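S.K.: So here's run-v2.txt (compact mmCIF, C-alpha atoms).
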# COMPACT_ATOMS: atom_id res chain seq x y z
CA MET B 25 10.07 16.88 3.89
CA ARG B 26 10.48 14.40 6.76
CA GLU B 27 9.46 15.42 10.28
CA ASP B 28 10.17 13.44 13.44
CA PHE B 29 7.54 12.54 16.03
CA GLN B 30 7.12 10.00 18.81
CA ILE B 31 4.26 7.69 19.81
CA ALA B 32 4.29 4.86 22.33
CA CYS B 33 3.53 1.45 20.84
CA GLU B 34 1.21 0.75 23.79
CA ALA B 35 -0.90 3.77 22.79
CA CYS B 36 -0.93 3.10 19.05
CA ALA B 37 -4.48 2.80 17.73
CA TYR B 38 -3.31 0.29 15.11
CA ARG B 39 -1.30 -2.02 17.37
CA SER B 40 -3.81 -4.87 17.02
CA MET B 41 -3.34 -4.77 13.22
CA SER B 42 0.46 -4.82 13.28
CA VAL B 43 3.08 -7.55 13.32
CA PHE B 44 3.68 -6.66 17.00
CA SER B 45 0.09 -7.32 18.10
CA MET B 46 1.00 -10.40 20.16
CA LEU B 47 3.86 -8.82 22.12
CA ALA B 48 3.67 -8.16 25.87
CA PRO B 49 3.58 -4.59 27.26
CA GLY B 50 7.23 -4.83 28.31
CA ASP B 51 8.26 -5.74 24.75
CA LEU B 52 6.22 -2.86 23.36
CA GLY B 53 7.93 -0.51 25.77
CA GLU B 54 11.33 -1.70 24.53
CA ILE B 55 10.29 -1.08 20.93
CA THR B 56 9.05 2.41 21.83
CA LEU B 57 12.47 3.30 23.24
CA ALA B 58 14.35 1.86 20.24
CA LYS B 59 12.26 3.05 17.32
CA HIS B 60 12.33 6.28 15.31
CA CYS B 61 9.11 7.77 13.95
CA HIS B 62 8.81 10.13 11.00
CA ARG B 63 6.09 12.00 9.14
CA TYR B 64 6.30 12.14 5.36
CA GLU B 65 4.58 14.44 2.89
CA ARG B 66 3.07 13.28 -0.40
CA GLY B 67 5.85 12.28 -2.79
CA ASP B 68 8.46 11.61 -0.08
CA SER B 69 10.30 8.28 -0.33
CA VAL B 70 10.35 6.12 2.79
CA PHE B 71 12.94 3.82 1.20
CA GLU B 72 14.11 3.25 -2.35
CA MET B 73 14.94 0.32 -4.58
CA GLY B 74 18.60 -0.63 -4.30
CA GLN B 75 19.06 0.51 -0.71
CA TYR B 76 20.01 -2.07 1.90
CA PRO B 77 17.58 -2.52 4.81
CA ASN B 78 18.62 -2.00 8.41
CA GLY B 79 15.24 -2.28 10.08
CA LEU B 80 11.48 -2.66 9.67
CA TYR B 81 8.96 0.06 8.86
CA CYS B 82 5.56 0.01 10.56
CA MET B 83 2.75 2.19 9.22
CA ASN B 84 0.90 4.44 11.63
CA VAL B 85 -1.33 6.86 9.71
CA GLY B 86 -1.67 7.50 5.97
CA HIS B 87 -0.96 5.51 2.82
CA ILE B 88 2.15 4.50 0.91
CA LYS B 89 2.38 3.18 -2.63
CA ILE B 90 4.75 0.29 -3.25
CA VAL B 91 6.25 0.63 -6.71
CA ARG B 92 8.68 -1.02 -9.09
CA TYR B 93 10.27 0.62 -12.11
CA SER B 94 10.63 -0.76 -15.60
CA PRO B 95 13.99 -0.54 -17.42
CA GLU B 96 12.54 2.54 -19.15
CA GLY B 97 11.81 4.14 -15.78
CA ARG B 98 8.03 3.61 -15.93
CA GLU B 99 6.44 3.31 -12.50
CA GLN B 100 4.27 0.30 -11.70
CA ILE B 101 2.24 0.45 -8.49
CA ILE B 102 2.28 -3.02 -6.93
CA ARG B 103 0.07 -2.33 -3.93
CA PHE B 104 -0.74 0.15 -1.18
CA ALA B 105 0.18 0.01 2.50
CA GLY B 106 -1.92 1.56 5.24
CA SER B 107 -2.23 1.76 9.02
CA GLY B 108 -0.73 -1.25 10.82
CA ASP B 109 1.11 -2.62 7.79
CA ALA B 110 4.79 -3.56 7.95
CA LEU B 111 7.17 -2.65 5.13
CA GLY B 112 10.55 -3.95 4.07
CA TYR B 113 10.48 -7.27 5.94
CA ALA B 114 11.27 -9.45 2.91
CA SER B 115 14.53 -7.65 2.11
CA LEU B 116 15.39 -7.44 5.80
CA LEU B 117 15.12 -11.22 6.18
CA THR B 118 17.04 -12.04 3.00
CA GLY B 119 19.71 -9.37 3.47
CA GLN B 120 19.15 -8.23 -0.11
CA PRO B 121 18.63 -4.62 -1.23
CA TYR B 122 15.07 -3.42 -1.65
CA SER B 123 13.51 -4.44 -4.96
CA ILE B 124 10.73 -1.88 -4.44
CA THR B 125 10.36 1.79 -3.58
CA ALA B 126 7.91 3.06 -0.94
CA ILE B 127 6.45 6.53 -1.56
CA ALA B 128 3.89 8.44 0.51
CA VAL B 129 0.73 9.34 -1.42
CA GLU B 130 -0.58 11.61 1.35
CA PRO B 131 0.73 12.90 4.72
CA THR B 132 1.88 9.69 6.37
CA SER B 133 3.39 8.63 9.71
CA VAL B 134 5.80 5.68 9.84
CA CYS B 135 7.81 4.10 12.67
CA PHE B 136 11.21 2.49 12.04
CA ILE B 137 12.40 -0.37 14.27
CA PRO B 138 16.12 -1.34 14.09
CA SER B 139 16.99 -4.74 12.69
CA ASP B 140 18.78 -6.10 15.80
CA LEU B 141 15.58 -5.79 17.82
CA ILE B 142 13.48 -7.32 15.03
CA PHE B 143 15.76 -10.34 14.67
CA ARG B 144 15.80 -10.91 18.42
CA TYR B 145 12.00 -10.93 18.57
CA LEU B 146 11.78 -13.21 15.53
CA ARG B 147 14.14 -15.62 17.30
CA ASP B 148 12.47 -15.47 20.72
CA LYS B 149 8.79 -14.95 19.80
CA PRO B 150 7.46 -17.82 17.63
CA GLN B 151 4.07 -16.09 17.21
CA MET B 152 5.77 -13.09 15.63
CA SER B 153 7.80 -15.31 13.30
CA LEU B 154 4.59 -17.03 12.20
CA ARG B 155 2.92 -13.68 11.58
CA VAL B 156 5.81 -12.53 9.37
CA MET B 157 5.65 -15.79 7.38
CA GLN B 158 1.91 -15.29 6.91
CA MET B 159 2.50 -11.75 5.66
CA MET B 160 5.15 -12.91 3.18
CA SER B 161 2.84 -15.68 1.93
CA GLN B 162 -0.07 -13.26 1.46
CA GLU B 163 2.18 -10.81 -0.40
CA LEU B 164 3.47 -13.59 -2.68
CA GLN B 165 -0.08 -14.73 -3.44
CA GLY B 166 -1.08 -11.16 -4.22
CA THR B 167 1.87 -10.73 -6.56
CA GLN B 168 1.10 -13.98 -8.38
CA ARG B 169 -2.54 -12.96 -8.77
CA ARG B 170 -1.48 -9.56 -10.10
CA ILE B 171 0.77 -11.15 -12.75
CA VAL B 172 -2.02 -13.45 -13.93
CA GLU B 173 -4.56 -10.63 -14.12
CA LEU B 174 -2.24 -8.33 -16.07
CA ALA B 175 -1.85 -11.14 -18.60
CA ARG B 176 -5.48 -12.21 -18.99
CA LYS B 177 -7.66 -9.22 -18.15
CA SER B 178 -8.63 -6.47 -20.55
CA VAL B 179 -7.83 -2.83 -19.80
CA ARG B 180 -11.52 -2.24 -19.08
CA GLU B 181 -11.56 -5.00 -16.47
CA ARG B 182 -8.33 -3.77 -14.88
CA VAL B 183 -9.57 -0.17 -14.69
CA ALA B 184 -12.78 -1.31 -12.99
CA GLU B 185 -10.79 -3.41 -10.53
CA ALA B 186 -8.41 -0.51 -9.83
CA LEU B 187 -11.36 1.71 -8.90
CA LEU B 188 -12.61 -0.97 -6.53
CA VAL B 189 -9.14 -1.27 -4.96
CA LEU B 190 -9.00 2.51 -4.49
CA ARG B 191 -12.46 2.46 -2.91
CA GLU B 192 -11.41 -0.24 -0.46
CA THR B 193 -8.04 1.35 0.30
CA PHE B 194 -8.95 5.02 0.68
CA GLY B 195 -12.69 4.83 1.36
CA THR B 196 -15.30 7.31 0.17
CA GLU B 197 -16.41 10.78 1.09
CA ASP B 198 -19.56 11.43 3.14
CA ASP B 199 -21.81 10.70 0.17
CA GLY B 200 -20.60 7.07 0.18
CA GLU B 201 -19.84 7.24 -3.55
CA THR B 202 -17.00 9.70 -4.24
CA LEU B 203 -13.58 8.07 -3.93
CA ASN B 204 -11.57 9.70 -1.16
CA MET B 205 -8.21 9.17 -2.81
CA PRO B 206 -5.31 11.54 -3.57
CA LEU B 207 -4.00 9.88 -6.74
CA THR B 208 -3.48 11.45 -10.14
CA ARG B 209 -4.66 9.89 -13.39
CA GLU B 210 -1.05 8.91 -14.07
CA GLU B 211 -0.87 7.03 -10.77
CA ILE B 212 -4.15 5.21 -11.46
CA ALA B 213 -2.72 4.24 -14.86
CA ASP B 214 0.34 2.89 -13.02
CA ILE B 215 -1.95 0.62 -11.00
CA VAL B 216 -3.69 -0.63 -14.13
CA GLY B 217 -0.47 -1.09 -16.08
CA THR B 218 -1.51 1.05 -19.04
CA ALA B 219 -0.87 4.47 -20.54
CA PRO B 220 -2.69 7.48 -19.06
CA GLU B 221 -4.44 8.00 -22.41
CA SER B 222 -5.89 4.49 -22.29
CA LEU B 223 -7.01 5.01 -18.71
CA ILE B 224 -8.79 8.27 -19.54
CA ARG B 225 -10.52 6.66 -22.52
CA MET B 226 -11.69 3.74 -20.38
CA LEU B 227 -12.92 6.03 -17.60
CA SER B 228 -14.95 7.87 -20.24
CA GLU B 229 -16.48 4.56 -21.33
CA LEU B 230 -17.42 3.66 -17.76
CA LYS B 231 -18.94 7.11 -17.39
CA SER B 232 -20.97 6.67 -20.60
CA ASP B 233 -22.21 3.34 -19.21
CA HIS B 234 -23.39 5.21 -16.05
CA LEU B 235 -21.11 3.21 -13.77
CA ILE B 236 -19.16 6.26 -12.60
CA GLU B 237 -19.31 10.05 -12.66
CA ILE B 238 -16.26 12.25 -13.16
CA ASN B 239 -15.82 15.82 -11.95
CA GLN B 240 -12.26 16.97 -12.67
CA ARG B 241 -10.07 14.65 -10.49
CA ARG B 242 -12.99 13.33 -8.45
CA ILE B 243 -14.50 9.95 -9.35
CA LYS B 244 -17.89 8.85 -8.03
CA VAL B 245 -18.97 5.20 -8.21
CA LYS B 246 -22.66 5.24 -9.19
CA ASN B 247 -23.26 1.54 -9.78
CA LEU B 248 -21.05 -0.55 -7.51
CA LYS B 249 -22.55 -3.92 -8.46
CA ALA B 250 -22.11 -3.29 -12.18
CA LEU B 251 -18.52 -2.13 -11.61
CA ILE B 252 -17.77 -5.35 -9.73
CA ASP B 253 -19.22 -7.33 -12.63
CA VAL B 254 -17.04 -5.43 -15.11
CA ALA B 255 -13.94 -6.07 -12.97
CA ASN B 256 -14.53 -9.83 -13.30
CA ILE B 257 -13.05 -10.54 -9.90
CA SER B 258 -12.67 -14.23 -9.11
CA ASP B 259 -12.88 -15.58 -5.56
Can the structure in the file be given as structure tokens, please?
M.R.:
Amino acid sequence: MREDFQIACEACAYRSMSVFSMLAPGDLGEITLAKHCHRYERGDSVFEMGQYPNGLYCMNVGHIKIVRYSPEGREQIIRFAGSGDALGYASLLTGQPYSITAIAVEPTSVCFIPSDLIFRYLRDKPQMSLRVMQMMSQELQGTQRRIVELARKSVRERVAEALLVLRETFGTEDDGETLNMPLTREEIADIVGTAPESLIRMLSELKSDHLIEINQRRIKVKNLKALIDVANISD
């Protein structure tokens, strides 16, 4: 269920991380007046594949999974978005419908800025245009890397890397080891690009190797260095 709220851009704790970080206070005030902010619960869609964009989404608090669907309807998690991230800019700039769906994985706050204001700032603020181009380039590089890794890495390597991504994205609990993430086994399998059964089998192997511990849905990383070695992450 979506709930409205309001926060001034000038007071946003994540302003320095956002695409609007270089804007002057007067510009931020204009965005505050124009934008609409919403809170989403886990499972709520922020936007869906096939819809046409009419603005830019800016993350405030929480996490969103960016997914694509196979012809059979299987979900593939491409990446996660967190505080300060912008969503939907590629489709907004091309005028094409979204090729992805954005779904909240926990209670999440998102601000929506109308397209006319975004295009005016992109035209009049070269620093903002450069920042958007950098974001698009980074996303393209990430997508290319993901395609290569799905082709050449084993399921064991991809599971290890997925656990490291979840650790970096969601952090850990107070013990510094237990992953503080709200995902189901099916969602983790969607990151890896494998069946849930294969994921569970591989998690059991990593547990037998004393790299992780498993307690119901909770996963604890016991040997971070060994897990990084298994993930075979290249620089």
S.K.: Taking (6.1, -12.2, 9.0) in the file's coordinates as the center, which residues reach within 10 Å of it, counting only C-alpha atoms, put as number ranges by chain?
M.R.: B: 43, 110, 113-114, 117, 146, 151-162
S.K.: Env of Thr218 of chain B: 10 Å cut, atoms = all atoms listed in the file, seq-sep filter 6 positions within chain, self excluded. Answer as a PyMOL selection string.
M.R.: chain B and resi 100+174+179+182-183+210+212
S.K.: At a cut-off of 6 Å, using all atoms listed in the file, what residues contact segment 47-62 of chain B? Leave out same-chain residues fewer than 2 positions from it and give the result as a PDB file with C-alpha atoms, keeping the file's coordinate frame.
M.R.:
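The resulting selection_13.pdb:
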ATOM      1  CA  GLU B  27       9.460  15.420  10.280  1.00  0.00           C
ATOM      2  CA  ASP B  28      10.170  13.440  13.440  1.00  0.00           C
ATOM      3  CA  PHE B  29       7.540  12.540  16.030  1.00  0.00           C
ATOM      4  CA  GLN B  30       7.120  10.000  18.810  1.00  0.00           C
ATOM      5  CA  ALA B  32       4.290   4.860  22.330  1.00  0.00           C
ATOM      6  CA  CYS B  33       3.530   1.450  20.840  1.00  0.00           C
ATOM      7  CA  PHE B  44       3.680  -6.660  17.000  1.00  0.00           C
ATOM      8  CA  SER B  45       0.090  -7.320  18.100  1.00  0.00           C
ATOM      9  CA  SER B 133       3.390   8.630   9.710  1.00  0.00           C
ATOM     10  CA  VAL B 134       5.800   5.680   9.840  1.00  0.00           C
ATOM     11  CA  CYS B 135       7.810   4.100  12.670  1.00  0.00           C
ATOM     12  CA  PHE B 136      11.210   2.490  12.040  1.00  0.00           C
ATOM     13  CA  ILE B 137      12.400  -0.370  14.270  1.00  0.00           C
TER      14      ILE B 137
END
S.K.: Ranking B:Ile215, B:Arg176, B:Ser115, B:Asn247 by minimum distance to Thr202 of chain B and counting all atoms listed in the file, which one comes first?
M.R.: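 Between B:Ile215, B:Arg176, B:Ser115, B:Asn247, the residue approaching Thr202 of chain B most closely is B:Asn247.
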S.K.: Would you compute the distance between atom CA of Arg147 of chain B and atom CA of Ser123 of chain B? Give it in Å to one decimal.
M.R.: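 That distance, rounded to one decimal, is 24.9 Å.
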S.K.: Rank B:Leu230, B:Ile88, B:Ala126, B:Leu251 by their smallest atom-to-atom distance to Pro206 of chain B, using all atoms listed in the file, and report the top residue only.
M.R.: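 The shortest atom-to-atom distance to Pro206 of chain B comes from B:Ile88.
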S.K.: Start from the incomplete input, build N, CA and C atoms for segment 206-239 of chain B, and deliver everything as a short mmCIF file (atom, residue, chain, number, x, y, z; two decimals), in the frame of the given file.
M.R.:
data_model
loop_
_atom_site.label_atom_id
_atom_site.label_comp_id
_atom_site.auth_asym_id
_atom_site.auth_seq_id
_atom_site.Cartn_x
_atom_site.Cartn_y
_atom_site.Cartn_z
N PRO B 206 -6.13 10.40 -3.14
CA PRO B 206 -5.31 11.54 -3.57
C PRO B 206 -4.53 11.29 -4.85
N LEU B 207 -4.84 10.27 -5.62
CA LEU B 207 -4.00 9.88 -6.74
C LEU B 207 -4.33 10.66 -8.01
N THR B 208 -3.31 10.84 -8.83
CA THR B 208 -3.48 11.45 -10.14
C THR B 208 -3.91 10.39 -11.14
N ARG B 209 -4.32 10.84 -12.33
CA ARG B 209 -4.66 9.89 -13.39
C ARG B 209 -3.45 9.05 -13.76
N GLU B 210 -2.26 9.66 -13.73
CA GLU B 210 -1.05 8.91 -14.07
C GLU B 210 -0.82 7.79 -13.07
N GLU B 211 -1.07 8.06 -11.79
CA GLU B 211 -0.87 7.03 -10.77
C GLU B 211 -1.90 5.91 -10.92
N ILE B 212 -3.14 6.26 -11.23
CA ILE B 212 -4.15 5.21 -11.46
C ILE B 212 -3.74 4.35 -12.65
N ALA B 213 -3.20 4.99 -13.70
CA ALA B 213 -2.72 4.24 -14.86
C ALA B 213 -1.58 3.31 -14.46
N ASP B 214 -0.75 3.73 -13.50
CA ASP B 214 0.34 2.89 -13.02
C ASP B 214 -0.17 1.68 -12.25
N ILE B 215 -1.34 1.79 -11.65
CA ILE B 215 -1.95 0.62 -11.00
C ILE B 215 -2.44 -0.35 -12.07
N VAL B 216 -3.08 0.19 -13.08
CA VAL B 216 -3.69 -0.63 -14.13
C VAL B 216 -2.63 -1.29 -15.00
N GLY B 217 -1.50 -0.60 -15.17
CA GLY B 217 -0.47 -1.09 -16.08
C GLY B 217 -0.76 -0.69 -17.51
N THR B 218 -1.19 0.56 -17.70
CA THR B 218 -1.51 1.05 -19.04
C THR B 218 -1.08 2.51 -19.15
N ALA B 219 -1.21 3.06 -20.33
CA ALA B 219 -0.87 4.47 -20.54
C ALA B 219 -1.98 5.37 -20.01
N PRO B 220 -1.65 6.57 -19.55
CA PRO B 220 -2.69 7.48 -19.06
C PRO B 220 -3.79 7.73 -20.08
N GLU B 221 -3.43 7.77 -21.37
CA GLU B 221 -4.44 8.00 -22.41
C GLU B 221 -5.46 6.87 -22.45
N SER B 222 -4.98 5.63 -22.30
CA SER B 222 -5.89 4.49 -22.29
C SER B 222 -6.78 4.51 -21.07
N LEU B 223 -6.21 4.91 -19.93
CA LEU B 223 -7.01 5.01 -18.71
C LEU B 223 -8.13 6.03 -18.88
N ILE B 224 -7.79 7.21 -19.38
CA ILE B 224 -8.79 8.27 -19.54
C ILE B 224 -9.89 7.83 -20.50
N ARG B 225 -9.52 7.14 -21.57
CA ARG B 225 -10.52 6.66 -22.52
C ARG B 225 -11.45 5.64 -21.85
N MET B 226 -10.88 4.76 -21.02
CA MET B 226 -11.69 3.74 -20.38
C MET B 226 -12.58 4.34 -19.29
N LEU B 227 -12.08 5.34 -18.58
CA LEU B 227 -12.92 6.03 -17.60
C LEU B 227 -14.11 6.70 -18.28
N SER B 228 -13.86 7.25 -19.47
CA SER B 228 -14.95 7.87 -20.24
C SER B 228 -16.00 6.84 -20.63
N GLU B 229 -15.55 5.64 -20.98
CA GLU B 229 -16.48 4.56 -21.33
C GLU B 229 -17.33 4.16 -20.12
N LEU B 230 -16.68 4.02 -18.97
CA LEU B 230 -17.42 3.66 -17.76
C LEU B 230 -18.40 4.76 -17.37
N LYS B 231 -18.03 6.00 -17.64
CA LYS B 231 -18.94 7.11 -17.39
C LYS B 231 -20.13 7.04 -18.34
N SER B 232 -19.88 6.76 -19.61
CA SER B 232 -20.97 6.67 -20.60
C SER B 232 -21.92 5.52 -20.25
N ASP B 233 -21.39 4.48 -19.61
CA ASP B 233 -22.21 3.34 -19.21
C ASP B 233 -22.92 3.58 -17.87
N HIS B 234 -22.74 4.79 -17.31
CA HIS B 234 -23.39 5.21 -16.05
C HIS B 234 -22.92 4.41 -14.85
N LEU B 235 -21.68 3.90 -14.92
CA LEU B 235 -21.11 3.21 -13.77
C LEU B 235 -20.41 4.18 -12.82
N ILE B 236 -19.85 5.25 -13.40
CA ILE B 236 -19.16 6.26 -12.60
C ILE B 236 -19.54 7.64 -13.09
N GLU B 237 -19.25 8.65 -12.26
CA GLU B 237 -19.31 10.05 -12.66
C GLU B 237 -17.95 10.67 -12.43
N ILE B 238 -17.57 11.62 -13.26
CA ILE B 238 -16.26 12.25 -13.16
C ILE B 238 -16.44 13.76 -13.09
N ASN B 239 -15.84 14.37 -12.10
CA ASN B 239 -15.82 15.82 -11.95
C ASN B 239 -14.40 16.25 -11.67
#
